[in-house]
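File shown: run34.txt. Contents: compact mmCIF, C-alpha atoms.
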# COMPACT_ATOMS: atom_id res chain seq x y z
CA LEU A 20 93.37 -67.28 -138.95
CA LEU A 21 96.01 -69.23 -137.03
CA ASP A 22 98.45 -68.00 -134.44
CA GLU A 23 102.08 -67.83 -135.50
CA GLU A 24 102.84 -70.62 -133.05
CA ASP A 25 100.40 -72.88 -134.92
CA LEU A 26 102.35 -72.47 -138.17
CA THR A 27 105.96 -72.65 -137.04
CA ARG A 28 107.95 -75.48 -135.52
CA SER A 29 109.34 -74.96 -132.06
CA THR A 30 112.83 -76.30 -131.40
CA ALA A 31 113.33 -74.84 -127.92
CA VAL A 32 111.53 -77.53 -125.88
CA SER A 33 114.02 -80.11 -124.72
CA GLN A 34 113.40 -83.83 -125.04
CA GLN A 35 113.87 -84.00 -121.30
CA LYS A 36 110.78 -81.82 -120.75
CA ILE A 37 108.78 -83.78 -123.29
CA LYS A 38 109.71 -87.04 -121.56
CA ARG A 39 108.78 -85.48 -118.22
CA PHE A 40 105.31 -84.71 -119.56
CA TRP A 41 104.72 -88.27 -120.78
CA ARG A 42 106.13 -89.73 -117.58
CA ARG A 43 103.58 -87.80 -115.52
CA PHE A 44 100.72 -88.13 -117.99
CA LYS A 45 97.80 -89.87 -116.29
CA ASP A 46 96.45 -92.28 -118.88
CA ASP A 47 93.21 -93.03 -117.07
CA ASP A 48 90.67 -95.52 -118.32
CA ILE A 49 88.16 -92.83 -119.32
CA ARG A 50 85.10 -95.07 -119.29
CA LYS A 51 85.94 -96.54 -115.91
CA SER A 52 86.68 -93.17 -114.33
CA TRP A 53 83.56 -91.63 -115.90
CA ALA A 54 81.40 -94.36 -114.35
CA SER A 55 83.05 -94.24 -110.94
CA ASN A 56 82.07 -92.45 -107.78
CA ASN A 57 83.93 -89.59 -106.15
CA GLY A 58 83.31 -89.79 -102.44
CA GLY A 59 79.95 -91.42 -103.11
CA ARG A 60 79.01 -88.89 -105.77
CA LYS A 61 78.70 -89.89 -109.41
CA TRP A 62 81.42 -88.34 -111.59
CA ALA A 63 80.05 -88.62 -115.18
CA GLY A 64 80.23 -85.21 -116.91
CA ASP A 65 82.18 -83.73 -114.02
CA TYR A 66 85.01 -86.20 -114.56
CA LEU A 67 85.10 -85.44 -118.29
CA ALA A 68 85.14 -81.69 -117.58
CA TRP A 69 87.33 -81.25 -114.51
CA ARG A 70 89.77 -84.07 -115.22
CA GLU A 71 89.79 -85.37 -118.78
CA SER A 72 89.27 -82.05 -120.59
CA LEU A 73 92.19 -80.49 -118.69
CA ARG A 74 94.34 -83.45 -119.67
CA GLN A 75 93.36 -82.89 -123.32
CA ARG A 76 93.99 -79.18 -122.97
CA ALA A 77 97.53 -79.99 -121.89
CA LEU A 78 97.97 -82.23 -124.95
CA VAL A 79 96.97 -79.41 -127.31
CA ASP A 80 99.30 -76.96 -125.61
CA MET A 81 102.16 -79.46 -125.72
CA TYR A 82 101.60 -79.81 -129.46
CA LYS A 83 101.70 -76.04 -129.85
CA ALA A 84 104.93 -75.89 -127.88
CA THR A 85 106.68 -78.75 -129.72
CA LYS A 86 104.78 -79.53 -132.95
CA GLU A 87 105.09 -83.23 -132.10
CA VAL A 88 102.00 -84.98 -133.48
CA ALA A 89 102.13 -87.66 -130.78
CA PHE A 90 100.27 -85.21 -128.55
CA LEU A 91 97.45 -84.83 -131.06
CA ASP A 92 97.37 -88.58 -131.71
CA GLU A 93 96.72 -89.09 -128.00
CA LEU A 94 94.03 -86.42 -127.97
CA VAL A 95 92.21 -87.96 -130.94
CA LYS A 96 92.29 -91.37 -129.29
CA ARG A 97 90.82 -89.96 -126.10
CA ALA A 98 88.28 -87.70 -127.84
CA LYS A 99 86.74 -90.71 -129.58
CA VAL A 100 86.03 -92.25 -126.19
CA VAL A 101 84.60 -89.00 -124.86
CA PHE A 102 82.22 -88.70 -127.83
CA SER A 103 81.08 -92.29 -127.25
CA LEU A 104 79.88 -91.20 -123.79
CA ARG A 105 77.71 -88.35 -125.03
CA ASP A 106 74.10 -88.62 -123.97
CA ASP A 107 72.64 -89.09 -127.47
CA VAL A 108 74.95 -92.05 -128.10
CA ARG A 109 73.84 -93.64 -124.83
CA GLY A 110 70.17 -92.65 -125.19
CA LYS A 111 70.29 -90.87 -121.82
CA ARG A 112 67.42 -88.42 -121.26
CA ASP A 113 67.93 -84.96 -119.78
CA LYS A 114 65.28 -84.95 -117.04
CA VAL A 115 65.12 -81.15 -116.87
CA ARG A 116 64.62 -80.52 -120.57
CA GLY A 117 62.64 -83.71 -121.14
CA LYS A 118 64.69 -84.86 -124.12
CA VAL A 119 67.94 -86.48 -125.12
CA MET A 120 70.63 -83.83 -125.69
CA LYS A 121 73.62 -84.02 -128.00
CA ALA A 122 75.69 -83.09 -124.98
CA TRP A 123 77.11 -84.60 -121.80
CA GLY A 124 75.02 -84.75 -118.63
CA ARG A 125 75.70 -85.16 -114.95
CA TYR A 126 73.98 -85.45 -111.58
CA PRO A 127 74.31 -81.92 -110.12
CA ASP A 128 75.86 -81.50 -106.72
CA VAL A 129 73.66 -80.00 -104.03
CA GLY A 130 75.78 -78.45 -101.34
CA THR A 131 79.03 -80.31 -100.69
CA SER A 132 77.88 -83.74 -99.56
CA HIS A 133 75.56 -85.23 -102.17
CA ARG A 134 74.12 -85.06 -105.68
CA THR A 135 70.59 -85.11 -106.97
CA GLY A 136 69.18 -87.96 -109.02
CA THR A 137 68.18 -85.54 -111.78
CA TRP A 138 70.32 -86.01 -114.86
CA VAL A 139 70.91 -82.71 -116.71
CA CYS A 140 73.28 -81.29 -119.32
CA GLU A 141 75.01 -78.19 -117.98
CA MET A 142 76.96 -75.63 -119.89
CA VAL A 143 80.25 -75.30 -118.04
CA GLN A 144 80.92 -79.03 -118.24
CA ASN A 145 80.09 -79.08 -121.95
CA GLY A 146 82.20 -76.01 -122.61
CA MET A 147 85.18 -77.57 -120.87
CA ILE A 148 84.77 -80.94 -122.57
CA THR A 149 84.50 -79.47 -126.08
CA TYR A 150 87.13 -76.71 -125.90
CA PRO A 151 90.38 -78.69 -126.39
CA ILE A 152 88.81 -80.87 -129.08
CA ALA A 153 87.60 -77.75 -130.90
CA ASP A 154 91.10 -76.30 -130.74
CA PHE A 155 92.45 -79.50 -132.29
CA VAL A 156 89.86 -79.27 -135.08
CA ARG A 157 90.80 -75.62 -135.73
CA ILE A 158 94.51 -76.42 -136.00
CA ALA A 159 94.03 -79.55 -138.12
CA HIS A 160 91.57 -77.84 -140.48
CA HIS A 161 94.27 -75.37 -141.56
CA SER A 162 97.16 -77.84 -141.84
CA PRO A 163 97.54 -79.99 -145.00
CA ALA A 164 99.78 -82.40 -143.10
CA LEU A 165 97.31 -82.82 -140.26
CA ARG A 166 94.37 -83.12 -142.67
CA ALA A 167 96.21 -85.97 -144.38
CA ARG A 168 96.97 -87.58 -141.01
CA TYR A 169 93.52 -87.40 -139.43
CA GLY A 170 91.26 -87.45 -142.49
CA ASP A 171 87.53 -87.42 -141.91
CA LYS A 172 87.94 -87.40 -138.12
CA ILE A 173 88.37 -83.62 -138.34
CA ALA A 174 84.98 -83.05 -139.96
CA ARG A 175 83.26 -85.66 -137.78
CA PHE A 176 84.59 -84.06 -134.60
CA ARG A 177 83.67 -80.59 -135.86
CA ASN A 178 80.10 -81.60 -136.66
CA LYS A 179 79.64 -83.20 -133.26
CA LEU A 180 81.01 -80.11 -131.51
CA VAL A 181 78.64 -77.85 -133.42
CA GLN A 182 75.78 -80.12 -132.40
CA THR A 183 76.70 -79.69 -128.75
CA VAL A 184 76.85 -75.89 -128.98
CA ASP A 185 73.52 -75.81 -130.82
CA ALA A 186 71.95 -78.12 -128.22
CA PHE A 187 71.80 -75.17 -125.80
CA ASP A 188 70.08 -72.74 -128.19
CA ASP A 189 66.80 -72.83 -126.25
CA ASP A 190 68.63 -71.38 -123.23
CA TRP A 191 69.96 -68.32 -125.11
CA ASP A 192 68.53 -64.88 -124.33
CA SER A 193 69.33 -61.79 -126.43
CA MET A 194 69.08 -58.52 -124.52
CA GLY A 195 69.70 -55.68 -126.95
CA ASN A 196 73.41 -55.65 -127.79
CA GLU A 197 74.09 -58.06 -124.92
CA GLY A 198 73.12 -61.67 -124.44
CA PHE A 199 73.66 -64.62 -122.15
CA TYR A 200 72.37 -68.11 -121.46
CA ARG A 201 69.81 -68.88 -118.76
CA PHE A 202 69.05 -71.88 -116.61
CA PRO A 203 66.62 -74.03 -118.62
CA LYS A 204 62.94 -74.31 -117.94
CA GLY A 205 62.47 -77.13 -115.46
CA TYR A 206 65.71 -76.46 -113.55
CA GLY A 207 63.54 -75.82 -110.51
CA LYS A 208 63.58 -79.59 -110.01
CA ILE A 209 67.17 -79.10 -108.82
CA TYR A 210 67.33 -75.52 -107.53
CA PRO A 211 63.95 -73.73 -107.57
CA PHE A 212 65.62 -70.33 -107.14
CA PHE A 213 67.78 -70.77 -110.25
CA GLU A 214 65.11 -71.49 -112.86
CA GLY A 215 65.01 -68.88 -115.62
CA ARG A 216 67.87 -66.81 -114.19
CA VAL A 217 71.00 -66.00 -116.17
CA LEU A 218 73.70 -68.57 -115.61
CA HIS A 219 76.79 -68.04 -113.48
CA TYR A 220 79.29 -66.20 -115.65
CA ASN A 221 81.81 -69.02 -116.03
CA ARG A 222 79.28 -71.40 -117.57
CA PRO A 223 78.43 -69.71 -120.90
CA LEU A 224 81.93 -68.26 -121.21
CA ALA A 225 83.32 -71.81 -121.07
CA LEU A 226 81.21 -72.64 -124.12
CA GLY A 227 82.22 -69.31 -125.65
CA ARG A 228 85.82 -70.55 -125.88
CA THR A 229 84.59 -73.49 -127.96
CA MET A 230 82.66 -71.12 -130.23
CA MET A 231 85.78 -69.06 -130.88
CA MET A 232 87.71 -72.18 -131.89
CA LEU A 233 84.93 -73.47 -134.16
CA GLU A 234 84.56 -70.09 -135.82
CA GLN A 235 87.96 -70.72 -137.45
CA ALA A 236 87.43 -74.41 -138.13
CA GLY A 237 85.48 -74.52 -141.38
CA ILE A 238 81.91 -74.19 -140.10
CA THR A 239 79.18 -72.64 -142.25
CA ASP A 240 78.96 -68.86 -142.65
CA HIS A 241 75.63 -68.89 -140.80
CA ARG A 242 77.09 -70.55 -137.74
CA ARG A 243 80.27 -68.49 -137.88
CA HIS A 244 78.18 -65.33 -137.71
CA LYS A 245 75.99 -66.80 -134.97
CA PHE A 246 78.90 -67.87 -132.78
CA ARG A 247 80.85 -64.65 -133.26
CA LYS A 248 77.81 -62.54 -132.45
CA ARG A 249 77.08 -64.51 -129.31
CA VAL A 250 80.65 -64.25 -128.07
CA ARG A 251 80.49 -60.48 -128.50
CA MET A 252 77.16 -60.24 -126.70
CA MET A 253 78.31 -62.44 -123.82
CA ALA A 254 81.50 -60.40 -123.43
CA ARG A 255 79.48 -57.18 -123.18
CA PHE A 256 77.10 -58.74 -120.68
CA PHE A 257 79.85 -60.04 -118.44
CA LEU A 258 82.23 -57.09 -118.58
CA ARG A 259 79.48 -54.65 -117.64
CA ASP A 260 79.14 -56.53 -114.35
CA THR A 261 82.82 -56.36 -113.40
CA TRP A 262 84.42 -53.58 -111.40
CA LYS A 263 87.89 -52.25 -110.62
CA GLY A 264 89.67 -53.73 -107.61
CA LYS A 265 93.05 -52.97 -106.07
CA GLY A 266 95.80 -51.97 -108.47
CA GLY A 267 93.40 -51.75 -111.39
CA SER A 268 92.48 -55.43 -111.18
CA ARG A 269 89.14 -56.69 -112.46
CA VAL A 270 86.71 -58.25 -109.96
CA TRP A 271 83.31 -59.90 -110.37
CA ASN A 272 80.79 -62.07 -108.55
CA PHE A 273 79.61 -65.59 -109.35
CA SER A 274 76.54 -64.26 -111.14
CA ARG A 275 74.05 -61.41 -111.14
CA PHE A 276 72.02 -63.13 -108.44
CA ASN A 277 74.89 -64.50 -106.36
CA PRO A 278 76.82 -61.69 -104.59
CA SER A 279 79.76 -63.89 -103.61
CA VAL A 280 83.04 -62.97 -105.30
CA GLU A 281 84.13 -65.52 -107.94
CA ASN A 282 86.67 -68.17 -106.98
CA VAL A 283 89.95 -68.51 -108.86
CA SER A 284 89.09 -71.93 -110.29
CA HIS A 285 86.08 -70.64 -112.20
CA GLY A 286 88.00 -67.41 -112.74
CA GLY A 287 90.57 -69.30 -114.80
CA ILE A 288 87.87 -70.22 -117.32
CA ILE A 289 86.81 -66.60 -117.64
CA ALA A 290 90.40 -65.35 -117.88
CA GLY A 291 90.90 -67.81 -120.74
CA PHE A 292 87.80 -66.49 -122.49
CA ILE A 293 89.02 -62.89 -122.17
CA ALA A 294 92.53 -63.77 -123.38
CA LEU A 295 91.14 -65.62 -126.40
CA ALA A 296 88.63 -62.94 -127.29
CA LYS A 297 91.31 -60.26 -127.24
CA LYS A 298 93.67 -62.42 -129.29
CA ARG A 299 90.92 -63.10 -131.86
CA ASP A 300 90.21 -59.36 -132.23
CA TYR A 301 86.79 -59.29 -130.63
CA THR A 302 86.39 -55.53 -130.24
CA THR A 303 84.06 -55.96 -127.27
CA VAL A 304 87.14 -56.94 -125.23
CA GLY A 305 89.46 -53.94 -125.10
CA ARG A 306 93.04 -53.43 -124.02
CA SER A 307 91.94 -52.05 -120.67
CA ASP A 308 89.83 -55.18 -120.06
CA LEU A 309 92.81 -57.42 -120.73
CA GLU A 310 95.08 -55.31 -118.53
CA GLY A 311 92.53 -55.55 -115.72
CA PHE A 312 92.60 -59.35 -115.89
CA VAL A 313 96.39 -59.34 -115.93
CA GLU A 314 96.33 -57.25 -112.74
CA THR A 315 93.88 -59.71 -111.21
CA PHE A 316 96.26 -62.56 -112.00
CA LEU A 317 99.19 -60.64 -110.52
CA ARG A 318 97.17 -60.03 -107.38
CA ILE A 319 96.00 -63.61 -106.84
CA THR A 320 99.58 -64.89 -107.36
CA ARG A 321 101.33 -62.31 -105.13
CA HIS A 322 102.34 -65.11 -102.75
CA ARG A 323 104.15 -67.68 -104.85
CA ASP A 324 103.19 -70.65 -102.66
CA ARG A 325 99.60 -69.65 -101.91
CA ILE A 326 97.26 -68.66 -104.74
CA ALA A 327 94.39 -66.53 -103.48
CA ALA A 328 90.96 -68.13 -103.13
CA THR A 329 88.87 -65.48 -104.90
CA VAL A 330 89.46 -63.05 -107.76
CA ASP A 331 89.62 -60.08 -105.39
CA GLY A 332 92.85 -61.55 -104.01
CA LYS A 333 91.43 -62.73 -100.69
CA TYR A 334 92.06 -66.02 -98.92
CA GLY A 335 89.78 -68.42 -97.08
CA GLY A 336 86.64 -70.37 -97.84
CA TYR A 337 88.26 -72.75 -100.31
CA ASP A 338 90.79 -75.57 -100.09
CA GLN A 339 94.24 -74.08 -100.66
CA LYS A 340 95.22 -77.06 -102.79
CA ASP A 341 92.32 -76.35 -105.18
CA SER A 342 93.32 -72.70 -105.45
CA ASN A 343 96.92 -73.64 -106.20
CA GLN A 344 95.76 -76.12 -108.86
CA ALA A 345 93.91 -73.30 -110.62
CA CYS A 346 97.00 -71.20 -111.27
CA GLY A 347 97.97 -72.87 -114.53
CA ARG A 348 94.49 -72.35 -115.96
CA TRP A 349 95.07 -68.58 -115.99
CA LEU A 350 98.17 -68.79 -118.15
CA ASP A 351 96.49 -68.05 -121.49
CA LEU A 352 96.89 -64.46 -120.34
CA ALA A 353 100.61 -65.06 -121.01
CA ALA A 354 99.84 -64.94 -124.73
CA HIS A 355 99.75 -61.17 -124.14
CA ARG A 356 102.50 -60.99 -121.49
CA ARG A 357 104.99 -63.84 -121.60
CA ASP A 358 106.53 -63.06 -118.21
CA LEU A 359 103.30 -64.16 -116.50
CA VAL A 360 104.29 -67.82 -116.80
CA LYS A 361 106.75 -67.31 -113.96
CA ARG A 362 103.92 -66.50 -111.56
CA CYS A 363 102.93 -70.17 -111.35
CA SER A 364 106.43 -71.64 -111.21
CA TRP A 365 106.42 -72.54 -107.52
CA VAL A 366 103.01 -74.23 -107.42
CA LEU A 367 103.72 -76.11 -110.66
CA ASP A 368 107.08 -77.32 -109.37
CA HIS A 369 105.47 -78.49 -106.11
CA GLY A 370 102.87 -80.75 -107.66
CA PHE A 371 99.82 -78.48 -107.95
CA ASP A 372 99.26 -79.30 -111.62
CA THR A 373 97.73 -82.76 -111.71
CA GLN A 374 96.66 -82.66 -115.38
CA GLN A 375 99.81 -80.68 -116.38
CA VAL A 376 97.84 -77.79 -117.83
CA GLY A 377 100.19 -75.26 -116.27
CA PHE A 378 103.32 -77.14 -117.31
CA ALA A 379 102.18 -77.32 -120.94
CA LYS A 380 101.18 -73.65 -121.04
CA SER A 381 104.46 -72.59 -119.44
CA LEU A 382 106.31 -74.31 -122.31
CA ARG A 383 103.97 -72.89 -124.91
CA TYR A 384 104.29 -69.31 -123.67
CA ARG A 385 107.93 -69.45 -122.52
Could the structure of this file be written out as structure tokens, please?
Amino acid sequence: LLDEEDLTRSTAVSQQKIKRFWRRFKDDDIRKSWASNNGGRKWAGDYLAWRESLRQRALVDMYKATKEVAFLDELVKRAKVVFSLRDDVRGKRDKVRGKVMKAWGRYPDVGTSHRTGTWVCEMVQNGMITYPIADFVRIAHHSPALRARYGDKIARFRNKLVQTVDAFDDDWDSMGNEGFYRFPKGYGKIYPFFEGRVLHYNRPLALGRTMMMLEQAGITDHRRHKFRKRVRMMARFFLRDTWKGKGGSRVWNFSRFNPSVENVSHGGIIAGFIALAKKRDYTTVGRSDLEGFVETFLRITRHRDRIAATVDGKYGGYDQKDSNQACGRWLDLAAHRRDLVKRCSWVLDHGFDTQQVGFAKSLRYR
């Protein structure tokens, strides 16, 4: 059930690199940052997803690279704060669904300059927030030493994570041997055109990564079957909509109703889903699928100092700094080809790795 790296102690990571990680670790006040504004726009769930979850992802990967429990201790400390900000704890009502969700909400951005006043729980944020915590639960569940160290926190975290995944059940749509999540009823309050349509690909696949972690974390047989089936169905749905690009790369759009080619930031979430699904022996993700994503990564990183903007390897339309920051998020593909870690070396060394996701993965997959 666990990767070999989860069971063995690594001795190859120098103390110098470990100290470098802690020196650059941004120990934000989570509550304060969560409640703050970003250019006049409320952060909330976006801060927890696009900042804090990446920081926690780096902590998990540093543990896998070093087996030093200090990284998990820090994650547990931070996860407790994150759970305290969940909507059901705060009694915050999802205005789209008309109920309090056991999930994290946000004020959606409309365009690039402002956000709506409609609080709603969205899937990509919740998938990102829950994924590193679910990976911690999976690792700790199978380790006697970690079970002794963290005690009932493991089960409490697991139960809360399952609650969040289940909170989106009403949005699920089975379509034969495929399936995907849809925008909830009432989403027309934010974007009338979106209501009832299947979500952008990165959103459910972000939550799919959490499902794969929980599947191996001591959940009930019923939920294990449910999560595994949904991951398979989502993989079929998504992969059918991809096509071959240059050099055998895999290309796709934002969604079935948005013909714009996916950006590399969202693409990193999907690449992580594909890498995990292949590693966990989901037969719906084949060797050729994985190889196509590897070729996509090679294409978007063909210029070491400028990561492409979109998954077809093109530039323009996005801030170059944001594209460079995304490089490290693709590195779970290196679980299948270790030499891929070198593709991000330049951007990581030049500061495009604020939460140190790329640095931690480069040590893990060295």
Straight-line distance linking CA of Trp349 in chain A with CA of Val143 in chain A, stated in Å to one decimal: 16.4 Å
Give me the residues of range 101-199 of chain A that have any atom at most 12 Å from an atom of range 294-313 of chain A; for each, the nearest atom pair and the distance in Å, rounded to one decimal. Use all atoms listed in the file, sort by chain and number, and format it as JSON lines.
{"residue": "A:Tyr150", "atom": "CA", "partner": "A:Leu295", "partner_atom": "CA", "distance": 11.8}
{"residue": "A:Asp154", "atom": "CA", "partner": "A:Leu295", "partner_atom": "CA", "distance": 11.5}
{"residue": "A:Asn196", "atom": "CA", "partner": "A:Thr303", "partner_atom": "CA", "distance": 10.7}
{"residue": "A:Glu197", "atom": "CA", "partner": "A:Thr303", "partner_atom": "CA", "distance": 10.5}
Can you tell me how far CA of Phe213 in chain A sits from CA of Lys248 in chain A, in Å to one decimal?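 So the two atoms, CA of Phe213 in chain A and CA of Lys248 in chain A, lie 25.7 Å apart.
The shortest atom-to-atom distance to Gly377 in chain A, with only C-alpha atoms taken into account, belongs to A:Trp365 out of A:Trp365, A:Tyr210, A:Phe102, A:Phe292.
The residue that comes closest to Phe187 in chain A, out of A:Arg76, A:Lys121, A:His161, A:Arg325 and on the basis of all atoms listed in the file, is A:Lys121.
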